[in-house]
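Structure file work-v9.txt (compact mmCIF, C-alpha atoms) follows.
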```
# COMPACT_ATOMS: atom_id res chain seq x y z
CA MET R 1387 4.49 -24.64 11.16
CA ASP R 1388 2.46 -22.17 13.22
CA ASP R 1389 4.34 -18.97 12.52
CA ALA R 1390 7.61 -17.64 11.23
CA THR R 1391 9.68 -14.53 11.63
CA PRO R 1392 11.39 -13.77 8.31
CA PRO R 1393 14.48 -11.64 7.95
CA SER R 1394 13.45 -8.06 7.28
CA THR R 1395 13.77 -6.93 3.67
CA ALA R 1396 12.58 -3.40 4.38
CA ARG R 1397 14.61 -0.32 5.17
CA PRO R 1398 13.24 1.67 8.08
CA ALA R 1399 11.58 4.78 6.73
CA ARG R 1400 13.02 8.10 7.91
CA THR R 1401 9.88 10.16 7.69
CA ILE R 1402 9.23 13.88 7.87
CA ASP R 1403 5.54 14.11 8.69
CA ALA R 1404 4.25 17.59 7.88
CA ARG R 1405 0.66 16.56 8.73
CA ALA R 1406 1.30 17.09 12.44
CA SER R 1407 -0.42 20.04 14.14
CA ALA R 1408 3.02 21.32 15.08
CA PRO R 1409 5.16 21.33 11.91
CA PRO R 1410 8.38 19.33 12.18
CA PRO R 1411 11.57 21.33 12.62
CA SER R 1412 13.20 22.72 9.53
CA VAL R 1413 15.80 20.26 8.20
CA ILE R 1414 17.25 21.60 4.98
CA THR R 1415 19.45 19.32 2.90
CA ASP R 1416 20.34 19.17 -0.78
CA ALA R 1417 18.23 16.49 -2.43
CA VAL R 1418 17.01 14.91 -5.62
CA ILE R 1419 13.27 14.49 -5.19
CA THR R 1420 10.32 12.77 -6.79
CA ILE R 1421 6.72 13.73 -6.01
CA GLY R 1422 3.45 11.81 -6.15
CA ASN R 1423 0.69 9.90 -4.40
CA PHE R 1424 2.53 6.60 -4.96
CA ASP R 1425 -0.45 4.47 -3.95
CA GLY R 1426 0.82 0.90 -3.81
CA VAL R 1427 4.42 1.90 -4.64
CA HIS R 1428 4.18 -0.29 -7.74
CA ARG R 1429 6.96 -1.11 -10.23
CA GLY R 1430 6.59 2.25 -11.97
CA HIS R 1431 6.88 4.14 -8.69
CA GLN R 1432 9.87 2.01 -7.72
CA SER R 1433 11.60 2.91 -10.99
CA LEU R 1434 11.12 6.61 -10.25
CA VAL R 1435 12.60 6.28 -6.78
CA LYS R 1436 15.50 4.15 -7.97
CA ARG R 1437 16.32 6.71 -10.67
CA ALA R 1438 16.11 9.50 -8.09
CA ARG R 1439 18.37 7.47 -5.82
CA ALA R 1440 20.90 7.00 -8.62
CA GLU R 1441 20.87 10.73 -9.47
CA ALA R 1442 21.28 11.59 -5.79
CA ASP R 1443 24.14 9.14 -5.31
CA ALA R 1444 25.92 10.61 -8.33
CA MET R 1445 25.70 14.05 -6.69
CA GLY R 1446 26.46 12.77 -3.21
CA ILE R 1447 23.20 14.16 -1.78
CA ALA R 1448 19.91 12.90 -0.32
CA CYS R 1449 17.07 11.22 -2.22
CA ALA R 1450 13.73 12.52 -0.90
CA VAL R 1451 10.28 11.32 -1.88
CA VAL R 1452 7.34 13.68 -1.37
CA THR R 1453 3.91 12.13 -0.97
CA PHE R 1454 0.50 13.25 0.29
CA ASP R 1455 -2.07 12.20 2.87
CA PRO R 1456 -5.01 12.04 2.61
CA HIS R 1457 -5.21 11.01 -1.02
CA PRO R 1458 -6.26 14.06 -3.09
CA ARG R 1459 -9.40 12.26 -4.32
CA HIS R 1460 -10.58 11.90 -0.74
CA VAL R 1461 -10.50 15.68 -0.45
CA LEU R 1462 -11.61 16.68 -3.93
CA ARG R 1463 -14.31 14.00 -4.31
CA PRO R 1464 -15.20 12.76 -0.82
CA ASP R 1465 -18.40 11.20 -2.18
CA HIS R 1466 -16.29 8.95 -4.45
CA PRO R 1467 -13.14 8.10 -2.45
CA VAL R 1468 -10.52 6.03 -4.21
CA ARG R 1469 -10.00 2.60 -2.68
CA LEU R 1470 -6.36 2.69 -1.68
CA ILE R 1471 -3.90 -0.12 -2.33
CA ALA R 1472 -1.84 0.84 0.73
CA THR R 1473 -1.85 2.86 3.92
CA VAL R 1474 0.47 5.83 4.23
CA GLU R 1475 2.63 3.80 6.65
CA GLU R 1476 3.04 1.05 4.06
CA ARG R 1477 3.88 3.63 1.41
CA ALA R 1478 6.61 5.12 3.58
CA SER R 1479 8.14 1.70 4.26
CA TRP R 1480 8.11 0.63 0.60
CA LEU R 1481 9.45 4.00 -0.59
CA ALA R 1482 12.33 3.67 1.87
CA THR R 1483 13.02 0.16 0.60
CA ALA R 1484 13.15 1.54 -2.95
CA GLY R 1485 15.76 4.10 -1.87
CA ALA R 1486 13.98 7.12 -0.38
CA ASP R 1487 15.65 8.89 2.54
CA PRO R 1488 13.73 10.82 3.75
CA VAL R 1489 10.04 10.31 2.91
CA ILE R 1490 8.22 13.63 3.29
CA ILE R 1491 4.47 13.32 3.97
CA LEU R 1492 2.58 16.51 3.17
CA PRO R 1493 -1.05 17.10 4.11
CA PHE R 1494 -3.31 17.45 1.10
CA ASP R 1495 -5.43 20.30 2.43
CA ASP R 1496 -6.71 23.66 1.28
CA THR R 1497 -3.26 25.20 1.59
CA THR R 1498 -1.54 22.53 -0.48
CA ARG R 1499 -4.22 22.33 -3.16
CA GLY R 1500 -4.25 26.11 -3.56
CA GLN R 1501 -0.51 26.56 -4.06
CA SER R 1502 0.99 27.60 -7.34
CA PRO R 1503 3.98 25.52 -8.52
CA ALA R 1504 6.38 28.24 -7.35
CA GLU R 1505 4.68 28.38 -3.95
CA PHE R 1506 4.84 24.58 -3.63
CA VAL R 1507 8.56 24.54 -4.45
CA ASP R 1508 9.13 27.36 -1.98
CA ALA R 1509 7.22 25.48 0.76
CA LEU R 1510 9.36 22.38 0.22
CA GLY R 1511 12.37 24.57 0.94
CA ARG R 1512 11.59 24.07 4.61
CA TYR R 1513 12.88 20.51 4.26
CA VAL R 1514 15.02 20.19 1.12
CA ARG R 1515 17.08 22.29 -1.23
CA ILE R 1516 15.93 20.78 -4.54
CA ARG R 1517 18.70 19.93 -6.99
CA ALA R 1518 16.61 17.80 -9.37
CA ILE R 1519 13.03 16.54 -9.74
CA VAL R 1520 12.61 13.06 -11.21
CA HIS R 1521 9.20 12.55 -12.81
CA GLY R 1522 7.22 10.18 -14.96
CA PRO R 1523 4.85 10.85 -17.88
CA GLY R 1524 1.83 13.05 -17.23
CA PHE R 1525 3.39 14.62 -14.16
CA ALA R 1526 1.95 17.95 -13.00
CA LEU R 1527 1.44 19.67 -9.67
CA GLY R 1528 -0.01 22.84 -8.19
CA ARG R 1529 -3.38 24.51 -8.47
CA GLY R 1530 -5.03 23.49 -11.74
CA ARG R 1531 -2.11 21.12 -12.48
CA VAL R 1532 -0.27 23.94 -14.16
CA GLY R 1533 3.04 22.75 -12.72
CA THR R 1534 4.04 20.73 -15.78
CA PRO R 1535 7.65 19.61 -16.29
CA GLU R 1536 8.11 22.54 -18.66
CA ALA R 1537 6.78 25.05 -16.13
CA LEU R 1538 8.88 23.55 -13.33
CA ALA R 1539 11.96 23.62 -15.56
CA ARG R 1540 11.57 27.39 -15.81
CA ILE R 1541 11.34 27.65 -12.02
CA GLY R 1542 14.34 25.34 -11.75
CA ASP R 1543 16.41 27.56 -14.04
CA ALA R 1544 15.82 30.40 -11.60
CA VAL R 1545 16.39 28.57 -8.32
CA GLY R 1546 18.84 25.85 -9.29
CA PHE R 1547 17.27 22.48 -10.05
CA SER R 1548 16.81 20.36 -13.17
CA MET R 1549 14.03 18.06 -14.38
CA VAL R 1550 14.73 14.38 -15.12
CA ALA R 1551 12.14 12.35 -17.07
CA VAL R 1552 11.69 8.58 -16.60
CA ASP R 1553 9.88 6.34 -19.09
CA PRO R 1554 6.82 4.45 -17.78
CA GLU R 1555 7.04 0.80 -16.71
CA ALA R 1556 5.25 -1.57 -19.05
CA SER R 1557 2.67 -4.12 -17.91
CA THR R 1558 1.12 -7.01 -19.79
CA ASN R 1559 -1.97 -4.81 -20.15
CA GLY R 1560 -0.20 -1.54 -20.94
CA VAL R 1561 1.48 0.83 -18.53
CA VAL R 1562 1.70 -0.12 -14.85
CA SER R 1563 -0.80 2.01 -12.93
CA SER R 1564 -2.43 2.12 -9.51
CA SER R 1565 -5.90 2.16 -11.07
CA ALA R 1566 -5.20 -1.04 -13.05
CA ILE R 1567 -3.87 -2.73 -9.91
CA ARG R 1568 -6.98 -1.73 -7.97
CA GLU R 1569 -9.11 -3.28 -10.69
CA ALA R 1570 -7.05 -6.49 -10.66
CA ILE R 1571 -7.41 -6.78 -6.88
CA GLY R 1572 -11.13 -6.09 -7.11
CA ARG R 1573 -11.71 -8.95 -9.53
CA GLY R 1574 -9.53 -11.31 -7.48
CA ASP R 1575 -6.69 -11.43 -10.01
CA ILE R 1576 -3.94 -11.60 -7.40
CA GLU R 1577 -1.34 -12.78 -9.91
CA ALA R 1578 -1.79 -9.68 -12.09
CA ALA R 1579 -1.73 -7.33 -9.09
CA ALA R 1580 1.39 -8.99 -7.65
CA ARG R 1581 3.15 -8.81 -11.02
CA ASP R 1582 2.69 -5.04 -11.25
CA LEU R 1583 3.34 -4.41 -7.57
CA ALA R 1584 6.42 -6.67 -7.49
CA ARG R 1585 4.97 -7.99 -4.23
CA TRP R 1586 1.78 -9.57 -3.02
CA PRO R 1587 -1.09 -7.13 -2.49
CA THR R 1588 -1.77 -6.28 1.13
CA TYR R 1589 -4.77 -5.40 3.25
CA MET R 1590 -4.24 -3.87 6.69
CA GLY R 1591 -6.87 -3.27 9.32
CA THR R 1592 -7.87 -3.48 12.97
CA VAL R 1593 -9.44 -6.64 14.34
CA VAL R 1594 -12.99 -5.82 15.43
CA PRO R 1595 -15.67 -7.97 17.09
CA GLY R 1596 -17.96 -9.89 14.77
CA ASN R 1597 -21.00 -12.08 15.34
CA ARG R 1598 -18.80 -15.14 16.08
CA VAL R 1599 -20.30 -17.28 13.31
CA GLY R 1600 -16.84 -18.61 12.43
CA ARG R 1601 -16.09 -19.58 16.02
CA ALA R 1602 -19.42 -21.39 16.27
CA ILE R 1603 -18.51 -23.70 13.35
CA GLY R 1604 -14.89 -24.27 14.40
CA PHE R 1605 -13.17 -21.57 12.32
CA PRO R 1606 -12.70 -18.46 14.49
CA THR R 1607 -11.79 -15.52 12.29
CA ALA R 1608 -10.28 -12.08 12.72
CA ASN R 1609 -12.58 -9.50 11.13
CA LEU R 1610 -10.50 -6.65 9.71
CA GLU R 1611 -11.67 -3.07 9.54
CA PRO R 1612 -9.32 -0.83 7.50
CA PRO R 1613 -8.59 2.78 8.53
CA VAL R 1614 -9.51 4.06 5.06
CA ALA R 1615 -11.33 2.66 2.02
CA ARG R 1616 -9.10 -0.14 0.73
CA ALA R 1617 -8.81 -1.98 -2.55
CA THR R 1618 -10.43 -5.25 -1.49
CA PRO R 1619 -10.09 -8.62 -3.24
CA GLY R 1620 -13.20 -9.84 -4.99
CA ASP R 1621 -15.54 -12.13 -3.07
CA GLY R 1622 -14.00 -15.51 -2.41
CA VAL R 1623 -11.42 -17.43 -0.39
CA TYR R 1624 -7.72 -16.59 -0.49
CA ALA R 1625 -4.45 -18.02 0.80
CA ALA R 1626 -2.57 -15.31 2.67
CA TRP R 1627 0.13 -14.65 5.18
CA VAL R 1628 -1.07 -12.64 8.17
CA GLU R 1629 1.52 -10.23 9.56
CA ARG R 1630 1.08 -9.54 13.24
CA TRP R 1631 2.74 -6.38 14.63
CA PRO R 1632 3.29 -5.22 11.03
CA LEU R 1633 6.03 -2.97 9.67
CA GLY R 1634 8.33 -3.51 12.63
CA GLU R 1635 11.25 -5.61 13.69
CA HIS R 1636 8.98 -7.79 15.84
CA ALA R 1637 6.58 -8.74 13.04
CA ARG R 1638 5.45 -12.36 12.98
CA PHE R 1639 3.77 -14.22 10.15
CA TYR R 1640 0.98 -16.80 10.25
CA LEU R 1641 -0.60 -18.93 7.55
CA ALA R 1642 -4.20 -18.00 6.91
CA ALA R 1643 -7.31 -18.69 4.89
CA VAL R 1644 -9.08 -15.41 4.17
CA SER R 1645 -12.74 -15.04 3.28
CA VAL R 1646 -14.07 -11.96 1.51
CA GLY R 1647 -17.82 -11.61 1.09
CA ASP R 1648 -21.18 -11.38 2.79
CA ARG R 1649 -21.57 -14.98 4.08
CA PRO R 1650 -24.37 -16.03 1.70
CA THR R 1651 -24.88 -19.35 3.49
CA PHE R 1652 -25.95 -17.36 6.55
CA ALA R 1653 -27.95 -14.79 4.52
CA GLY R 1654 -25.41 -12.12 5.35
CA THR R 1655 -25.76 -8.57 4.07
CA ILE R 1656 -22.47 -6.95 5.19
CA ARG R 1657 -19.29 -7.50 3.19
CA LEU R 1658 -16.48 -8.67 5.46
CA VAL R 1659 -12.78 -9.49 5.25
CA GLU R 1660 -12.12 -12.34 7.68
CA ALA R 1661 -8.84 -14.14 8.32
CA TYR R 1662 -8.67 -17.61 9.84
CA LEU R 1663 -5.15 -18.01 11.21
CA LEU R 1664 -4.07 -21.63 10.91
CA ASP R 1665 -2.61 -23.27 14.02
CA PHE R 1666 -3.24 -20.14 16.09
CA ASP R 1667 -5.14 -19.79 19.32
CA GLY R 1668 -5.24 -16.36 20.89
CA ASP R 1669 -7.03 -13.04 21.25
CA LEU R 1670 -6.42 -10.54 18.45
CA TYR R 1671 -9.16 -7.98 19.18
CA GLY R 1672 -7.91 -4.42 18.79
CA GLU R 1673 -4.69 -5.45 17.06
CA THR R 1674 -3.60 -4.23 13.63
CA LEU R 1675 -2.96 -7.08 11.19
CA ARG R 1676 -1.69 -6.97 7.63
CA LEU R 1677 -2.68 -9.57 5.07
CA HIS R 1678 -0.28 -10.51 2.27
CA VAL R 1679 -2.66 -12.09 -0.24
CA VAL R 1680 -0.89 -14.82 -2.20
CA ALA R 1681 -3.56 -16.58 -4.28
CA ARG R 1682 -7.29 -16.96 -4.83
CA VAL R 1683 -8.53 -20.41 -3.86
CA ARG R 1684 -12.14 -20.16 -5.05
CA GLY R 1685 -15.03 -17.78 -5.49
CA GLN R 1686 -17.78 -17.14 -2.96
CA GLU R 1687 -20.45 -19.84 -2.82
CA ARG R 1688 -23.81 -20.37 -1.12
CA PHE R 1689 -23.93 -23.84 0.44
CA SER R 1690 -27.06 -25.90 1.04
CA SER R 1691 -26.16 -26.52 4.68
CA VAL R 1692 -23.68 -25.49 7.36
CA ASP R 1693 -22.20 -29.00 7.26
CA ALA R 1694 -21.47 -28.61 3.53
CA LEU R 1695 -19.82 -25.25 4.22
CA VAL R 1696 -17.66 -26.68 7.00
CA ALA R 1697 -16.53 -29.57 4.79
CA GLN R 1698 -15.51 -27.11 2.08
CA MET R 1699 -13.70 -24.90 4.60
CA HIS R 1700 -11.58 -27.88 5.68
CA ARG R 1701 -10.64 -28.38 2.02
CA ASP R 1702 -9.91 -24.64 1.69
CA VAL R 1703 -7.58 -24.71 4.68
CA GLU R 1704 -5.59 -27.64 3.29
CA ARG R 1705 -5.34 -25.90 -0.09
CA CYS R 1706 -4.07 -22.75 1.63
CA ARG R 1707 -1.42 -24.80 3.43
CA GLU R 1708 -0.24 -26.18 0.09
CA ILE R 1709 -0.08 -22.75 -1.56
CA LEU R 1710 1.69 -21.04 1.32
CA ALA R 1711 4.22 -23.85 1.70
CA GLY R 1712 5.56 -22.79 -1.69
CA ASN R 1713 5.48 -19.10 -0.79
CA PRO R 1714 7.31 -18.70 2.53
CA PRO R 1715 7.01 -15.45 4.49
CA SER R 1716 10.70 -14.74 3.92
CA GLY R 1717 9.72 -14.08 0.30
CA ILE R 1718 7.50 -11.15 1.26
CA PRO R 1719 9.08 -7.82 0.28
CA LYS R 1720 7.69 -5.30 2.75
```

Just give me the structure as structure tokens.
Amino acid sequence: MDDATPPSTARPARTIDARASAPPPSVITDAVITIGNFDGVHRGHQSLVKRARAEADAMGIACAVVTFDPHPRHVLRPDHPVRLIATVEERASWLATAGADPVIILPFDDTTRGQSPAEFVDALGRYVRIRAIVHGPGFALGRGRVGTPEALARIGDAVGFSMVAVDPEASTNGVVSSSAIREAIGRGDIEAAARDLARWPTYMGTVVPGNRVGRAIGFPTANLEPPVARATPGDGVYAAWVERWPLGEHARFYLAAVSVGDRPTFAGTIRLVEAYLLDFDGDLYGETLRLHVVARVRGQERFSSVDALVAQMHRDVERCREILAGNPPSGIPK
């Protein structure tokens, strides 16, 4: 099996992108909304959107999700950027699958960060007439995070919307959170990350030229460079599906063995994410690929010789085939 095209499980995202230099046209519709960064769109985020969808359906109006790009930490603490679980395009797709229509992407810039809660609500009026805001625990917005549910409820009394609280989703280690998922991915605990995401963790990037070490030993790899700092699996070898032409109706999936690390056998110093697509022969330079990481095969090792490394890589490839045979691409929720 060299590739497969699974039936799409994702809803196309109707997106209002307010980051554009020319603001999108005003499209005002009554809506129940939920607001957040939603990095990873994990089970807790999905619960918020599904509750918003249910409230909206009961009123016969739209369900809008408001998110931000770039991530606020990248603006507020550029020296310590958060390693994101997902790109904004992935977020929009997953939010749509959970029930959002539309997804509104706001720029997190000086204007947004300086708004009071009332000013933020007023600015959203360009796109939606808010009828309810669905929120989770600890929710707050606006300058200084003074826009608590209680403060927003007072604004809502004046302009006509209500606040709806949703209990947090539980995880085996407490409450489901993006930070806990990032930590799980970073230590290579794919099972824990997938459990809280309700999907396999992904890693999307552009294929860039490398030093062709893999090709020289019979395992040509695609070196992925992400557009922003990404939550990266811990050093080791992973079984993954590679999605070519991701997030579209023409997406195709390939089995892959993925290496994360600095190539210690070759005295490497740069940490790389490299995907060896099984049964594939072609040029991928410049393409965007998305990895769906299914399982960790082993940790990173330094081998005594190139021959020993190659022998192990053959074993890794066969193990990846076994793992992916039990996890077909049609099981990937986008």

Counting only C-alpha atoms, the option among R:Arg1517, R:Arg1429, R:Ala1526, R:Ala1570 closest to Ser1548 of chain R:
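Checking each of R:Arg1517, R:Arg1429, R:Ala1526, R:Ala1570 against Ser1548 of chain R, counting only C-alpha atoms, the winner is R:Arg1517.
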
Atom-to-atom span, atom CA of Phe1605 of chain R and atom CA of Gly1668 of chain R, Å
12.8 Å

Selection near Ala1450 of chain R, 8 Å with only C-alpha atoms, sequence-local residues under 5 positions removed, as a VMD selection string
chain R and resid 1417 to 1420 1486 to 1490

Closest of R:Thr1618, R:Thr1483, R:Thr1401, R:Ser1690 to Ile1567 of chain R - atom-to-atom distances counting all atoms listed in the file
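Among the listed residues, R:Thr1618 lies closest to Ile1567 of chain R.
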
Using all atoms listed in the file, determine which residues lie at most 9 Å from Val1644 of chain R, disregarding the query and same-chain residues fewer than 5 positions distant; provide the list as a PyMOL selection string.
chain R and resi 1607+1622-1626+1659-1663+1677+1679

Would you pick out the contacts of Ala1608 of chain R at 12 Å or less, using only C-alpha atoms, so that residues sharing its chain but fewer than 2 positions from it are not included, and give the list as a ChimeraX atom specification?
/R:1590-1601,1605-1606,1610-1611,1628,1630,1642-1646,1658-1664,1666-1677

Surrounding residues of segment 1493-1497 of chain R excluding itself and chain neighbours under 5 positions, 7 Å, only C-alpha atoms, as a list in words:
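Residues near the query, excluding close chain neighbours: Ala1404, Arg1405, Phe1454, Asp1455, Pro1456 and Pro1458 of chain R.
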
Non-local contacts of segment 1519-1525 of chain R (7 Å; all atoms listed in the file; under 3 positions in same chain excluded) as a PyMOL selection string
chain R and resi 1418-1420+1434+1438+1534-1535+1548-1554

With distances taken over only C-alpha atoms, which residue among R:Ile1603, R:Leu1710, R:Ala1694, R:Ala1580 lies nearest Leu1641 of chain R?
R:Leu1710
